[in-house]
>>> print(open('final-v6.cif').read())   # mmCIF, C-alpha atoms
data_final
loop_
_atom_site.label_atom_id
_atom_site.label_comp_id
_atom_site.auth_asym_id
_atom_site.auth_seq_id
_atom_site.Cartn_x
_atom_site.Cartn_y
_atom_site.Cartn_z
CA MET D 1 9.15 95.72 6.73
CA ARG D 2 9.01 97.92 9.73
CA ARG D 3 10.77 96.41 12.52
CA ARG D 4 8.70 96.31 15.62
CA VAL D 5 10.44 96.57 18.81
CA GLY D 6 9.56 96.03 22.36
CA LEU D 7 6.61 93.91 23.27
CA ALA D 8 5.22 93.99 19.73
CA ALA D 9 8.18 91.83 18.61
CA LEU D 10 7.05 89.08 20.91
CA ASP D 11 3.50 89.29 19.54
CA ARG D 12 4.81 89.00 16.07
CA ARG D 13 6.76 85.86 16.79
CA VAL D 14 3.63 84.20 18.17
CA GLN D 15 1.67 85.33 15.18
CA ASP D 16 4.24 83.95 12.81
CA ALA D 17 4.24 80.62 14.53
CA ASN D 18 0.46 80.53 14.28
CA HIS D 19 0.58 81.28 10.62
CA TRP D 20 3.09 78.61 9.97
CA SER D 21 1.14 75.97 11.83
CA THR D 22 -2.16 76.81 10.08
CA HIS D 23 -0.41 76.70 6.79
CA GLY D 24 1.22 73.41 7.71
CA ALA D 25 -2.09 71.93 8.73
CA ALA D 26 -3.67 73.05 5.47
CA LEU D 27 -0.86 71.50 3.51
CA ARG D 28 -1.12 68.27 5.44
CA ARG D 29 -4.85 68.18 4.92
CA ALA D 30 -4.48 68.75 1.22
CA HIS D 31 -1.87 66.04 1.12
CA THR D 32 -4.04 63.59 3.01
CA GLU D 33 -6.98 64.34 0.80
CA HIS D 34 -4.87 63.87 -2.22
CA LEU D 35 -3.56 60.55 -0.97
CA THR D 36 -7.00 59.41 0.09
CA THR D 37 -8.36 60.15 -3.35
CA GLN D 38 -5.41 58.43 -4.88
CA LEU D 39 -5.87 55.41 -2.68
CA SER D 40 -9.56 55.19 -3.34
CA VAL D 41 -8.95 55.54 -7.06
CA PHE D 42 -6.34 52.86 -6.75
CA GLN D 43 -8.65 50.64 -4.73
CA ALA D 44 -11.37 51.09 -7.27
CA ALA D 45 -8.95 50.28 -10.04
CA LEU D 46 -7.62 47.22 -8.29
CA SER D 47 -11.10 46.15 -7.40
CA SER D 48 -12.37 46.44 -10.93
CA PHE D 49 -9.20 44.78 -12.14
CA ALA D 50 -9.67 41.90 -9.74
CA LYS D 51 -13.31 41.60 -10.69
CA GLN D 52 -12.67 41.80 -14.37
CA TYR D 53 -9.90 39.24 -14.27
CA ALA D 54 -11.20 37.03 -11.48
CA PRO D 55 -11.59 34.07 -13.82
CA ASP D 56 -8.07 34.60 -15.11
CA ILE D 57 -6.69 34.94 -11.62
CA ARG D 58 -8.30 31.67 -10.77
CA SER D 59 -7.40 29.72 -13.83
CA ASN D 60 -4.15 31.10 -15.12
CA PRO D 61 -1.18 30.36 -12.87
CA ARG D 62 1.13 32.91 -14.46
CA PHE D 63 -1.44 35.63 -14.29
CA ARG D 64 -2.12 34.74 -10.70
CA SER D 65 1.48 34.89 -9.65
CA GLU D 66 1.92 38.23 -11.41
CA PHE D 67 -1.14 39.56 -9.64
CA ALA D 68 0.12 38.33 -6.31
CA ARG D 69 3.51 39.87 -7.00
CA MET D 70 1.86 43.17 -7.84
CA CYS D 71 -0.04 43.08 -4.57
CA THR D 72 3.12 42.27 -2.65
CA THR D 73 5.02 45.10 -4.31
CA ILE D 74 2.51 47.65 -3.15
CA GLY D 75 2.40 46.14 0.29
CA VAL D 76 -0.92 44.39 0.12
CA ASP D 77 -1.33 40.77 1.01
CA PRO D 78 -4.60 39.52 -0.39
CA LEU D 79 -4.23 36.35 1.62
CA ALA D 80 -3.55 37.84 5.03
CA ALA D 81 -6.31 40.33 4.35
CA SER D 82 -9.01 37.75 4.37
CA ALA D 83 -8.06 36.34 7.73
CA ASN D 84 -10.32 38.72 9.63
CA ARG D 85 -13.01 38.89 7.03
CA ARG D 86 -15.68 38.27 9.58
CA ASP D 87 -15.02 41.18 11.83
CA GLY D 88 -16.18 44.10 9.84
CA GLY D 89 -15.67 43.50 6.18
CA ASN D 90 -12.03 43.41 5.34
CA MET D 91 -11.29 45.58 2.37
CA TRP D 92 -9.53 42.98 0.28
CA ALA D 93 -11.89 40.19 0.96
CA ALA D 94 -14.65 42.49 -0.14
CA LEU D 95 -12.77 43.60 -3.21
CA LEU D 96 -11.54 40.31 -4.49
CA GLY D 97 -14.44 38.27 -3.40
CA SER D 98 -13.52 35.04 -1.75
CA SER D 99 -12.26 33.49 -4.96
CA VAL D 100 -8.60 34.38 -4.70
CA ASN D 101 -8.30 33.69 -1.00
CA ASP D 102 -10.19 30.48 -1.11
CA PHE D 103 -8.14 29.36 -4.02
CA TYR D 104 -5.01 29.40 -1.89
CA PHE D 105 -6.70 27.98 1.15
CA GLU D 106 -8.07 25.09 -0.87
CA LEU D 107 -4.68 24.57 -2.39
CA ALA D 108 -3.10 24.64 1.04
CA VAL D 109 -5.42 21.87 2.16
CA LYS D 110 -4.46 19.84 -0.88
CA CYS D 111 -0.78 20.39 -0.13
CA VAL D 112 -1.30 19.13 3.38
CA GLU D 113 -3.04 16.05 2.02
CA VAL D 114 -0.24 15.29 -0.39
CA CYS D 115 2.39 15.76 2.28
CA ARG D 116 0.51 13.45 4.62
CA ASP D 117 -0.08 10.78 2.01
CA THR D 118 3.51 10.66 0.87
CA ARG D 119 5.07 10.96 4.27
CA ALA D 120 5.70 7.24 4.59
CA GLN D 121 7.55 7.31 1.28
CA ASN D 122 9.69 10.36 1.77
CA GLY D 123 9.81 10.86 5.50
CA GLY D 124 8.04 14.18 5.22
CA LEU D 125 10.30 15.93 2.78
CA ILE D 126 8.92 16.54 -0.68
CA SER D 127 9.80 18.93 -3.45
CA VAL D 128 7.39 21.67 -4.35
CA ARG D 129 7.29 20.36 -7.88
CA ASP D 130 6.26 16.89 -6.76
CA VAL D 131 3.46 18.31 -4.68
CA ARG D 132 2.25 20.27 -7.66
CA ASP D 133 2.42 17.24 -9.94
CA VAL D 134 0.52 15.05 -7.51
CA ILE D 135 -2.19 17.67 -7.03
CA LEU D 136 -2.59 18.09 -10.77
CA ARG D 137 -2.72 14.34 -11.28
CA ARG D 138 -5.35 13.95 -8.56
CA ASP D 139 -7.45 16.76 -9.94
CA LYS D 140 -7.37 15.09 -13.30
CA ALA D 141 -8.22 11.72 -11.79
CA ALA D 142 -11.10 13.27 -9.91
CA GLY D 143 -13.01 13.56 -13.13
CA GLY D 144 -11.05 16.11 -15.09
CA GLY D 145 -13.31 18.66 -13.46
CA GLY D 146 -12.20 20.99 -10.73
CA GLY D 147 -12.64 23.82 -13.18
CA GLY D 148 -9.67 22.64 -15.17
CA LEU D 149 -7.54 24.21 -12.53
CA ASP D 150 -3.94 24.76 -13.40
CA ILE D 151 -1.47 25.56 -10.69
CA SER D 152 2.15 26.56 -10.63
CA GLU D 153 4.93 25.84 -8.18
CA ASP D 154 4.66 29.45 -7.19
CA ASP D 155 1.07 28.84 -6.12
CA VAL D 156 2.10 25.89 -4.01
CA VAL D 157 4.77 27.97 -2.29
CA ARG D 158 2.23 30.70 -1.58
CA ALA D 159 -0.30 28.21 -0.29
CA VAL D 160 2.21 26.61 2.05
CA GLU D 161 3.24 30.03 3.29
CA CYS D 162 -0.30 30.79 4.29
CA LEU D 163 -0.25 27.74 6.55
CA LYS D 164 2.40 29.39 8.68
CA PRO D 165 0.04 31.17 11.09
CA LEU D 166 -1.38 27.80 12.02
CA GLY D 167 1.97 26.73 13.36
CA SER D 168 1.33 23.40 11.74
CA GLY D 169 4.96 22.61 11.09
CA PHE D 170 4.80 22.96 7.34
CA GLU D 171 7.88 24.76 6.23
CA LEU D 172 9.63 25.60 3.05
CA VAL D 173 13.28 24.68 3.00
CA ALA D 174 15.74 25.19 0.22
CA ILE D 175 17.99 22.26 -0.49
CA GLY D 176 20.48 23.11 -3.15
CA LYS D 177 18.42 24.81 -5.80
CA THR D 178 15.21 23.00 -5.06
CA GLN D 179 12.43 24.19 -2.86
CA MET D 180 11.18 21.51 -0.55
CA ILE D 181 8.28 21.31 1.81
CA ARG D 182 9.09 19.79 5.13
CA SER D 183 5.99 18.51 6.83
CA VAL D 184 7.60 17.00 9.91
CA PRO D 185 8.88 19.09 12.74
CA LYS D 186 12.48 18.12 12.29
CA GLU D 187 15.28 20.49 11.62
CA LEU D 188 17.81 19.33 9.12
CA ASN D 189 21.28 20.07 10.30
CA LYS D 190 23.97 21.32 7.99
CA ASP D 191 25.45 17.91 7.28
CA GLN D 192 22.08 16.42 6.47
CA SER D 193 21.20 19.22 4.09
CA LYS D 194 24.56 18.81 2.46
CA VAL D 195 23.94 15.13 1.83
CA LEU D 196 20.53 15.85 0.33
CA GLU D 197 22.10 18.52 -1.81
CA VAL D 198 24.71 16.12 -3.14
CA ILE D 199 21.96 13.62 -3.92
CA GLN D 200 20.20 16.26 -5.95
CA VAL D 201 23.25 16.66 -8.09
CA LEU D 202 24.37 13.06 -8.38
CA GLY D 203 21.07 11.26 -7.90
CA PHE D 204 22.48 9.21 -5.05
CA VAL D 205 25.39 9.06 -2.65
CA THR D 206 27.69 6.44 -1.23
CA ILE D 207 29.89 6.75 1.79
CA PRO D 208 33.07 7.00 -0.33
CA VAL D 209 31.47 9.73 -2.44
CA LEU D 210 30.79 11.77 0.68
CA VAL D 211 34.27 11.14 2.01
CA ASP D 212 35.93 12.14 -1.25
CA ASN D 213 33.83 15.15 -2.07
CA LEU D 214 33.15 16.73 1.27
CA GLY D 215 36.36 15.82 3.00
CA TRP D 216 34.43 14.08 5.76
CA ILE D 217 35.78 11.10 7.59
CA ALA D 218 33.84 7.90 6.98
CA PRO D 219 32.22 7.65 10.42
CA ARG D 220 30.82 11.15 10.06
CA ALA D 221 29.37 10.35 6.64
CA GLN D 222 27.94 7.10 7.98
CA ALA D 223 26.39 8.84 10.96
CA VAL D 224 24.68 11.48 8.83
CA VAL D 225 23.36 8.87 6.42
CA ASP D 226 22.13 6.69 9.28
CA ASP D 227 20.26 9.64 10.71
CA LEU D 228 18.61 10.38 7.40
CA LEU D 229 17.71 6.72 6.97
CA ALA D 230 16.15 6.62 10.41
CA GLU D 231 14.02 9.63 9.49
CA ALA D 232 12.97 7.88 6.27
CA PHE D 233 14.44 10.70 4.20
CA LEU D 234 16.70 8.23 2.44
CA TRP D 235 16.27 4.78 0.96
CA VAL D 236 19.00 2.17 0.64
CA ASP D 237 19.99 0.46 -2.55
CA GLU D 238 22.07 -2.70 -2.23
CA HIS D 239 23.43 -3.71 -5.56
CA GLU D 240 26.26 -6.10 -6.26
CA GLY D 241 27.85 -5.49 -2.91
CA GLU D 242 27.63 -1.72 -3.18
CA THR D 243 25.44 0.29 -0.91
CA SER D 244 24.11 3.59 -2.10
CA PHE D 245 21.58 6.00 -0.72
CA TRP D 246 18.79 7.69 -2.61
CA ALA D 247 16.21 10.27 -1.71
CA PRO D 248 12.59 9.72 -2.71
CA CYS D 249 12.11 13.47 -2.58
CA SER D 250 14.47 13.94 -5.50
CA MET D 251 13.41 10.94 -7.49
CA ARG D 252 13.17 12.86 -10.73
CA MET P 1 14.03 9.10 -14.60
CA ALA P 2 10.33 8.38 -15.06
CA ASP P 3 9.86 6.29 -18.16
CA SER P 4 6.83 7.49 -20.01
CA ALA P 5 6.78 4.38 -22.18
CA LEU P 6 5.75 2.22 -19.24
CA PRO P 7 2.06 1.45 -18.80
CA GLY P 8 0.22 3.47 -16.21
CA TYR P 9 0.06 0.77 -13.60
CA TYR P 10 3.82 0.83 -13.15
CA PRO P 11 4.53 2.76 -9.99
CA GLU P 12 6.72 5.79 -10.11
CA PHE P 13 9.13 3.98 -7.82
CA TYR P 14 9.75 1.33 -10.48
CA SER P 15 12.65 3.39 -11.79
CA PHE P 16 13.96 4.13 -8.32
CA PRO P 17 16.74 1.63 -7.59
CA PRO P 18 16.15 1.35 -3.82
CA PHE P 19 12.67 0.10 -4.64
CA PHE P 20 14.37 -3.24 -5.32
CA THR P 21 16.07 -3.41 -1.94
CA ARG P 22 14.05 -4.16 1.15
CA GLN P 23 14.18 -0.97 3.19
CA PRO P 24 15.50 -1.38 6.72
CA ASN P 25 13.42 1.53 7.99
CA ALA P 26 9.99 0.29 9.04
CA ALA P 27 8.13 3.34 7.76
CA SER P 28 9.82 3.20 4.37
CA TRP P 29 9.26 -0.53 4.14
CA SER P 30 5.56 -0.25 4.83
CA SER P 31 5.27 2.30 2.06
CA GLN P 32 7.37 0.10 -0.19
CA LEU P 33 5.21 -2.91 0.62
CA VAL P 34 2.01 -1.05 -0.22
CA GLN P 35 3.41 -0.10 -3.60
CA TRP P 36 4.69 -3.56 -4.40
CA ARG P 37 1.37 -5.13 -3.47
CA ALA P 38 -0.54 -2.78 -5.71
CA PHE P 39 1.96 -3.23 -8.52
CA ILE P 40 1.88 -7.03 -8.40
CA LEU P 41 -1.91 -7.08 -8.52
CA ALA P 42 -2.06 -4.52 -11.32
CA TYR P 43 0.64 -6.32 -13.29
CA CYS P 44 -1.06 -9.69 -13.02
CA ARG P 45 -4.35 -8.15 -13.98
CA ALA P 46 -2.88 -6.46 -17.04
CA HIS P 47 -1.17 -9.66 -18.14
CA LYS P 48 -4.03 -11.93 -17.14
CA LEU P 49 -1.60 -13.78 -14.97
CA TRP P 50 -3.39 -16.05 -12.54
CA ARG P 51 -0.54 -18.06 -11.18
CA LEU P 52 2.78 -16.51 -10.31
CA ASN P 53 5.69 -18.88 -10.48
CA LEU P 54 8.21 -17.01 -8.40
CA LEU P 55 11.36 -18.24 -10.11
CA ASP P 56 9.99 -17.33 -13.54
CA ALA P 57 8.55 -14.07 -12.32
CA LEU P 58 11.90 -12.96 -10.93
CA ASP P 59 13.15 -12.48 -14.47
CA SER P 60 10.00 -10.86 -15.78
CA PRO P 61 9.61 -7.09 -15.90
CA LEU P 62 7.51 -7.37 -12.76
CA PHE P 63 10.48 -7.96 -10.49
CA HIS P 64 13.31 -7.12 -12.83
CA ASN P 65 13.80 -3.62 -14.15
CA LYS P 66 16.36 -4.10 -16.89
CA ALA P 67 16.59 -0.37 -17.56
CA ILE P 68 18.18 0.27 -14.19
CA ASN P 69 19.56 -3.25 -13.75
CA ARG P 70 17.76 -4.01 -10.51
CA LYS P 71 16.03 -7.17 -9.39
CA LEU P 72 13.88 -7.81 -6.37
CA PRO P 73 15.44 -10.65 -4.36
CA LEU P 74 13.43 -13.85 -3.92
CA PRO P 75 13.02 -13.60 -0.13
CA VAL P 76 11.54 -10.16 -0.49
CA VAL P 77 9.17 -11.36 -3.20
CA ARG P 78 8.09 -14.13 -0.88
CA GLU P 79 7.52 -11.72 1.95
CA ILE P 80 5.32 -9.52 -0.22
CA ILE P 81 3.29 -12.46 -1.57
CA THR P 82 2.85 -13.69 1.97
CA ASP P 83 1.50 -10.30 2.84
CA LEU P 84 -0.91 -10.61 -0.09
CA THR P 85 -2.16 -13.94 1.23
CA ALA P 86 -3.14 -12.22 4.45
CA THR P 87 -5.74 -10.19 2.57
CA SER P 88 -6.89 -13.09 0.34
CA ASN P 89 -5.18 -11.49 -2.64
CA ALA P 90 -2.88 -14.48 -3.02
CA GLU P 91 -2.74 -18.13 -2.15
CA TRP P 92 0.31 -20.38 -2.13
CA THR P 93 -0.19 -23.31 -4.46
CA SER P 94 2.47 -25.43 -2.83
CA PRO P 95 3.90 -25.69 0.66
CA ASP P 96 7.39 -24.71 -0.53
CA LYS P 97 6.04 -21.29 -1.53
CA SER P 98 7.39 -21.39 -5.04
CA ALA P 99 4.17 -20.38 -6.75
CA ALA P 100 0.99 -18.63 -5.81
CA TYR P 101 -2.41 -17.83 -7.20
CA ILE P 102 -2.87 -14.11 -7.50
CA PHE P 103 -6.33 -12.75 -6.88
CA TRP P 104 -6.20 -9.17 -8.12
CA ARG P 105 -9.73 -9.12 -6.88
CA THR P 106 -10.38 -11.05 -3.72
CA PRO P 107 -12.44 -14.26 -4.08
CA ASP P 108 -15.24 -12.35 -2.38
CA ASP P 109 -15.22 -9.68 -5.06
CA PHE P 110 -15.04 -12.23 -7.84
CA ALA P 111 -17.93 -14.12 -6.29
CA THR P 112 -20.03 -10.99 -6.40
CA LEU P 113 -19.07 -10.39 -10.01
CA LEU P 114 -19.97 -13.95 -10.93
CA TYR P 115 -23.27 -13.72 -9.17
CA THR P 116 -24.14 -10.46 -10.87
CA TYR P 117 -23.21 -11.90 -14.25
CA ILE P 118 -25.31 -15.00 -13.78
CA ASP P 119 -28.19 -12.92 -12.55
CA ASP P 120 -27.92 -10.37 -15.37
CA THR P 121 -27.81 -13.04 -18.05
CA GLY P 122 -30.81 -14.80 -16.63
CA GLN P 123 -28.96 -18.02 -15.94
CA LYS P 124 -30.12 -18.43 -12.37
CA GLY P 125 -31.21 -21.95 -11.77
CA THR P 126 -29.30 -23.21 -14.79
CA VAL P 127 -26.36 -25.54 -14.42
CA LEU P 128 -23.21 -23.98 -15.78
CA THR P 129 -19.95 -25.83 -16.16
CA LEU P 130 -16.84 -24.21 -14.80
CA HIS P 131 -15.27 -24.55 -18.22
CA GLU P 132 -18.13 -22.53 -19.64
CA LEU P 133 -17.48 -19.78 -17.15
CA THR P 134 -13.73 -19.54 -17.59
CA ASP P 135 -13.35 -20.41 -21.24
CA GLY P 136 -16.80 -20.16 -22.79
CA ASP P 137 -17.62 -17.98 -25.77
CA ASN P 138 -19.99 -15.85 -23.72
CA THR P 139 -17.57 -14.86 -21.03
CA THR P 140 -14.59 -13.68 -23.09
CA ASP P 141 -14.99 -10.13 -21.87
CA GLN P 142 -15.57 -11.05 -18.24
CA GLU P 143 -12.80 -10.42 -15.79
CA TRP P 144 -12.55 -14.02 -14.65
CA TYR P 145 -12.16 -15.29 -18.19
CA GLY P 146 -9.22 -17.67 -18.30
CA MET P 147 -9.08 -18.10 -14.54
CA GLU P 148 -7.69 -21.38 -13.29
CA GLN P 149 -10.37 -23.80 -12.19
CA ALA P 150 -9.03 -24.16 -8.68
CA MET P 151 -9.31 -20.42 -8.26
CA LEU P 152 -12.80 -20.34 -9.68
CA VAL P 153 -13.84 -23.03 -7.22
CA ARG P 154 -12.50 -20.84 -4.41
CA CYS P 155 -14.67 -17.99 -5.64
CA LEU P 156 -17.74 -20.14 -6.14
CA ASN P 157 -17.32 -21.55 -2.66
CA VAL P 158 -17.90 -18.05 -1.39
CA LEU P 159 -21.30 -18.17 -3.10
CA VAL P 160 -21.95 -21.60 -1.62
CA LYS P 161 -21.19 -20.17 1.79
CA ARG P 162 -23.57 -17.32 1.12
CA GLY P 163 -26.16 -19.99 0.43
CA VAL P 164 -26.88 -19.00 -3.14
CA ALA P 165 -25.00 -21.65 -5.10
CA GLN P 166 -24.19 -25.29 -5.28
CA VAL P 167 -21.11 -26.83 -6.86
CA PHE P 168 -21.12 -30.43 -8.07
CA SER P 169 -19.36 -32.73 -10.50
CA VAL P 170 -20.56 -33.06 -14.06
CA GLY P 171 -18.55 -35.80 -15.72
CA ASP P 172 -14.93 -34.66 -15.78
CA ASP P 173 -15.90 -31.08 -15.27
CA LYS P 174 -17.58 -29.39 -12.38
CA GLY P 175 -20.82 -27.54 -12.54
CA VAL P 176 -22.43 -24.79 -10.58
CA LYS P 177 -25.99 -23.78 -10.03
CA VAL P 178 -26.90 -20.39 -8.65
CA TRP P 179 -30.26 -19.35 -7.36
#
>>> encode(input="final-v6.cif", output="structure tokens")
Amino acid sequence: MRRRVGLAALDRRVQDANHWSTHGAALRRAHTEHLTTQLSVFQAALSSFAKQYAPDIRSNPRFRSEFARMCTTIGVDPLAASANRRDGGNMWAALLGSSVNDFYFELAVKCVEVCRDTRAQNGGLISVRDVRDVILRRDKAAGGGGGGLDISEDDVVRAVECLKPLGSGFELVAIGKTQMIRSVPKELNKDQSKVLEVIQVLGFVTIPVLVDNLGWIAPRAQAVVDDLLAEAFLWVDEHEGETSFWAPCSMR
Amino acid sequence: MADSALPGYYPEFYSFPPFFTRQPNAASWSSQLVQWRAFILAYCRAHKLWRLNLLDALDSPLFHNKAINRKLPLPVVREIITDLTATSNAEWTSPDKSAAYIFWRTPDDFATLLYTYIDDTGQKGTVLTLHELTDGDNTTDQEWYGMEQAMLVRCLNVLVKRGVAQVFSVGDDKGVKVW
């Protein structure tokens, strides 16, 4: 290439820069178009998938949780998406119809009901599994209808999570290996969680058990247990002079 | 822990040892009380038990879960029955509170049932003996079948109060006429 010198060199640099930027823009455009097509193809696929399997999504808990996991993996939250359905046709609400969203919202309402109803028994701490069992039992009792709905613990967890924006004080807490729903605005401190964890393993605790296993001094163990009793998280069993403490939330 | 062999009216808490200790926490106790009340009524209904003799009942499966070796103490039983009397679901038969009639339906409800039965069978205006009602051949599948006479009188008195029945003596037995 003939090297230009003088002022022409400056011109050339400007020209080059122009070329590069046009080319860049073209590339970007092509890229965007490509992605847009891909996304719309994907949307269409997901939409037809959701439509085709809507009944399965509704009725089959495993299928539903897989579907939800798939959506989460690709960064789509079918639940959050329906929140602003009213203002201008949210994509997901439109795609999935209201069936999937409503399913979780209905379930969330049922969870709240169960938590409320059992609060006097368990002080507001109940395992996800118990909630599920109660809901299933009630659905059955309500005439076996309800579309023969089957739900999984995973569904319950998802439903409770979608209550979070309401700030209603429903929270998932892990105690030991069990997922619990706490429906009272009380934080469990470390000691209290520990006691509940031990109960999950042993079924119950006594003060000596806590002293021996956790290396606590008796007054500390007593204080923690008293706190939990006052919150109705624990029940007392007096038997032949021995006092033990049990948790209704890990009854089974 | 849940024992699937138990009939459905046994509460889930039946296998939960603290269920047999009166809970010191007021909230837990009120929940416990609700469950015991329901269980006692359901148990008596299932066993057609009209009169609960507390000392005997203490050793029955109602208050004694042998599987977990727990027994509800007598004072607690008494407290629960007393609570039942407040809603007309029980009535002490003696001042020392050692036995009580258990109305798994309140006398009011039984009165309505009796009235409906008498109406449905076209026996309005007829004199029926109490024995006929509680032990007759025609009432074997009625819920009050086998009810103690004193309890039946309590129920019929509800009808008398409503102004639709009259109770009077017929020889050794009593009779009732509904209109």
>>> interface_residues(input="final-v6.cif", of="chain D", to="chain P", cutoff="6 Å", atoms="all atoms listed in the file", output="PyMOL selection string")
chain D and resi 120-121+232+235-237+252
>>> resolve_selection(input="final-v6.cif", expression="the PyMOL selection byres ((chain D and resi 185) around 6)", output="NGL selection string")
:D and (169 or 184 or 186)
>>> resolve_selection(input="final-v6.cif", expression="the PyMOL selection byres ((chain D and resi 105-109) around 9)", output="ChimeraX atom specification")
/D:79,100-104,110-114,135,151,155-156,158-163
>>> resolve_selection(input="final-v6.cif", expression="the PyMOL selection byres ((chain P and resi 41-58) around 8)", output="PyMOL selection string")
chain P and resi 9-10+37-40+59-64+71-74+77+98-104+146-148
>>> write_last_selection(input="final-v6.cif", atoms="C-alpha atoms", output="short mmCIF file (atom, residue, chain, number, x, y, z; two decimals), in the coordinates of the input")
data_model
loop_
_atom_site.label_atom_id
_atom_site.label_comp_id
_atom_site.auth_asym_id
_atom_site.auth_seq_id
_atom_site.Cartn_x
_atom_site.Cartn_y
_atom_site.Cartn_z
CA TYR P 9 0.06 0.77 -13.60
CA TYR P 10 3.82 0.83 -13.15
CA ARG P 37 1.37 -5.13 -3.47
CA ALA P 38 -0.54 -2.78 -5.71
CA PHE P 39 1.96 -3.23 -8.52
CA ILE P 40 1.88 -7.03 -8.40
CA ASP P 59 13.15 -12.48 -14.47
CA SER P 60 10.00 -10.86 -15.78
CA PRO P 61 9.61 -7.09 -15.90
CA LEU P 62 7.51 -7.37 -12.76
CA PHE P 63 10.48 -7.96 -10.49
CA HIS P 64 13.31 -7.12 -12.83
CA LYS P 71 16.03 -7.17 -9.39
CA LEU P 72 13.88 -7.81 -6.37
CA PRO P 73 15.44 -10.65 -4.36
CA LEU P 74 13.43 -13.85 -3.92
CA VAL P 77 9.17 -11.36 -3.20
CA SER P 98 7.39 -21.39 -5.04
CA ALA P 99 4.17 -20.38 -6.75
CA ALA P 100 0.99 -18.63 -5.81
CA TYR P 101 -2.41 -17.83 -7.20
CA ILE P 102 -2.87 -14.11 -7.50
CA PHE P 103 -6.33 -12.75 -6.88
CA TRP P 104 -6.20 -9.17 -8.12
CA GLY P 146 -9.22 -17.67 -18.30
CA MET P 147 -9.08 -18.10 -14.54
CA GLU P 148 -7.69 -21.38 -13.29
#
>>> atom_distance(input="final-v6.cif", atom1="atom CA of D:Pro208", atom2="atom CA of D:Ser193")
17.6 Å
>>> atom_distance(input="final-v6.cif", atom1="atom CA of D:Arg182", atom2="atom CA of D:Arg119")
9.7 Å
>>> atom_distance(input="final-v6.cif", atom1="atom CA of D:Arg28", atom2="atom CA of D:Met70")
28.6 Å
>>> closest_residue(input="final-v6.cif", among="D:Pro61, D:Gly176, D:Gly241, D:Pro55", to="D:Gln192", atoms="all atoms listed in the file")
D:Gly176
>>> decode(input="final-v6.cif", residues="stretch 205-217 of chain D", atoms="N, CA and C atoms", output="short mmCIF file (atom, residue, chain, number, x, y, z; two decimals), in the first residue's frame")
data_model
loop_
_atom_site.label_atom_id
_atom_site.label_comp_id
_atom_site.auth_asym_id
_atom_site.auth_seq_id
_atom_site.Cartn_x
_atom_site.Cartn_y
_atom_site.Cartn_z
N VAL D 205 -35.77 -33.31 73.91
CA VAL D 205 -34.56 -33.01 74.68
C VAL D 205 -34.90 -32.91 76.16
N THR D 206 -33.89 -33.09 76.97
CA THR D 206 -34.01 -32.79 78.39
C THR D 206 -32.85 -31.86 78.70
N ILE D 207 -32.93 -31.24 79.86
CA ILE D 207 -31.83 -30.34 80.22
C ILE D 207 -30.50 -31.10 80.27
N PRO D 208 -30.44 -32.26 80.94
CA PRO D 208 -29.16 -32.99 80.96
C PRO D 208 -28.64 -33.34 79.57
N VAL D 209 -29.56 -33.67 78.65
CA VAL D 209 -29.11 -33.99 77.29
C VAL D 209 -28.41 -32.79 76.68
N LEU D 210 -28.99 -31.61 76.87
CA LEU D 210 -28.39 -30.40 76.31
C LEU D 210 -27.04 -30.13 76.95
N VAL D 211 -27.00 -30.31 78.27
CA VAL D 211 -25.76 -30.06 79.00
C VAL D 211 -24.66 -31.00 78.50
N ASP D 212 -25.01 -32.28 78.38
CA ASP D 212 -24.00 -33.27 78.00
C ASP D 212 -23.54 -33.11 76.56
N ASN D 213 -24.50 -32.83 75.67
CA ASN D 213 -24.15 -32.87 74.25
C ASN D 213 -23.63 -31.56 73.70
N LEU D 214 -24.07 -30.46 74.27
CA LEU D 214 -23.66 -29.18 73.71
C LEU D 214 -22.64 -28.48 74.58
N GLY D 215 -22.36 -29.08 75.73
CA GLY D 215 -21.39 -28.47 76.61
C GLY D 215 -21.90 -27.18 77.25
N TRP D 216 -23.24 -27.03 77.28
CA TRP D 216 -23.80 -25.84 77.91
C TRP D 216 -23.86 -26.06 79.41
N ILE D 217 -23.93 -24.95 80.15
CA ILE D 217 -24.21 -25.12 81.57
C ILE D 217 -25.73 -25.15 81.73
#
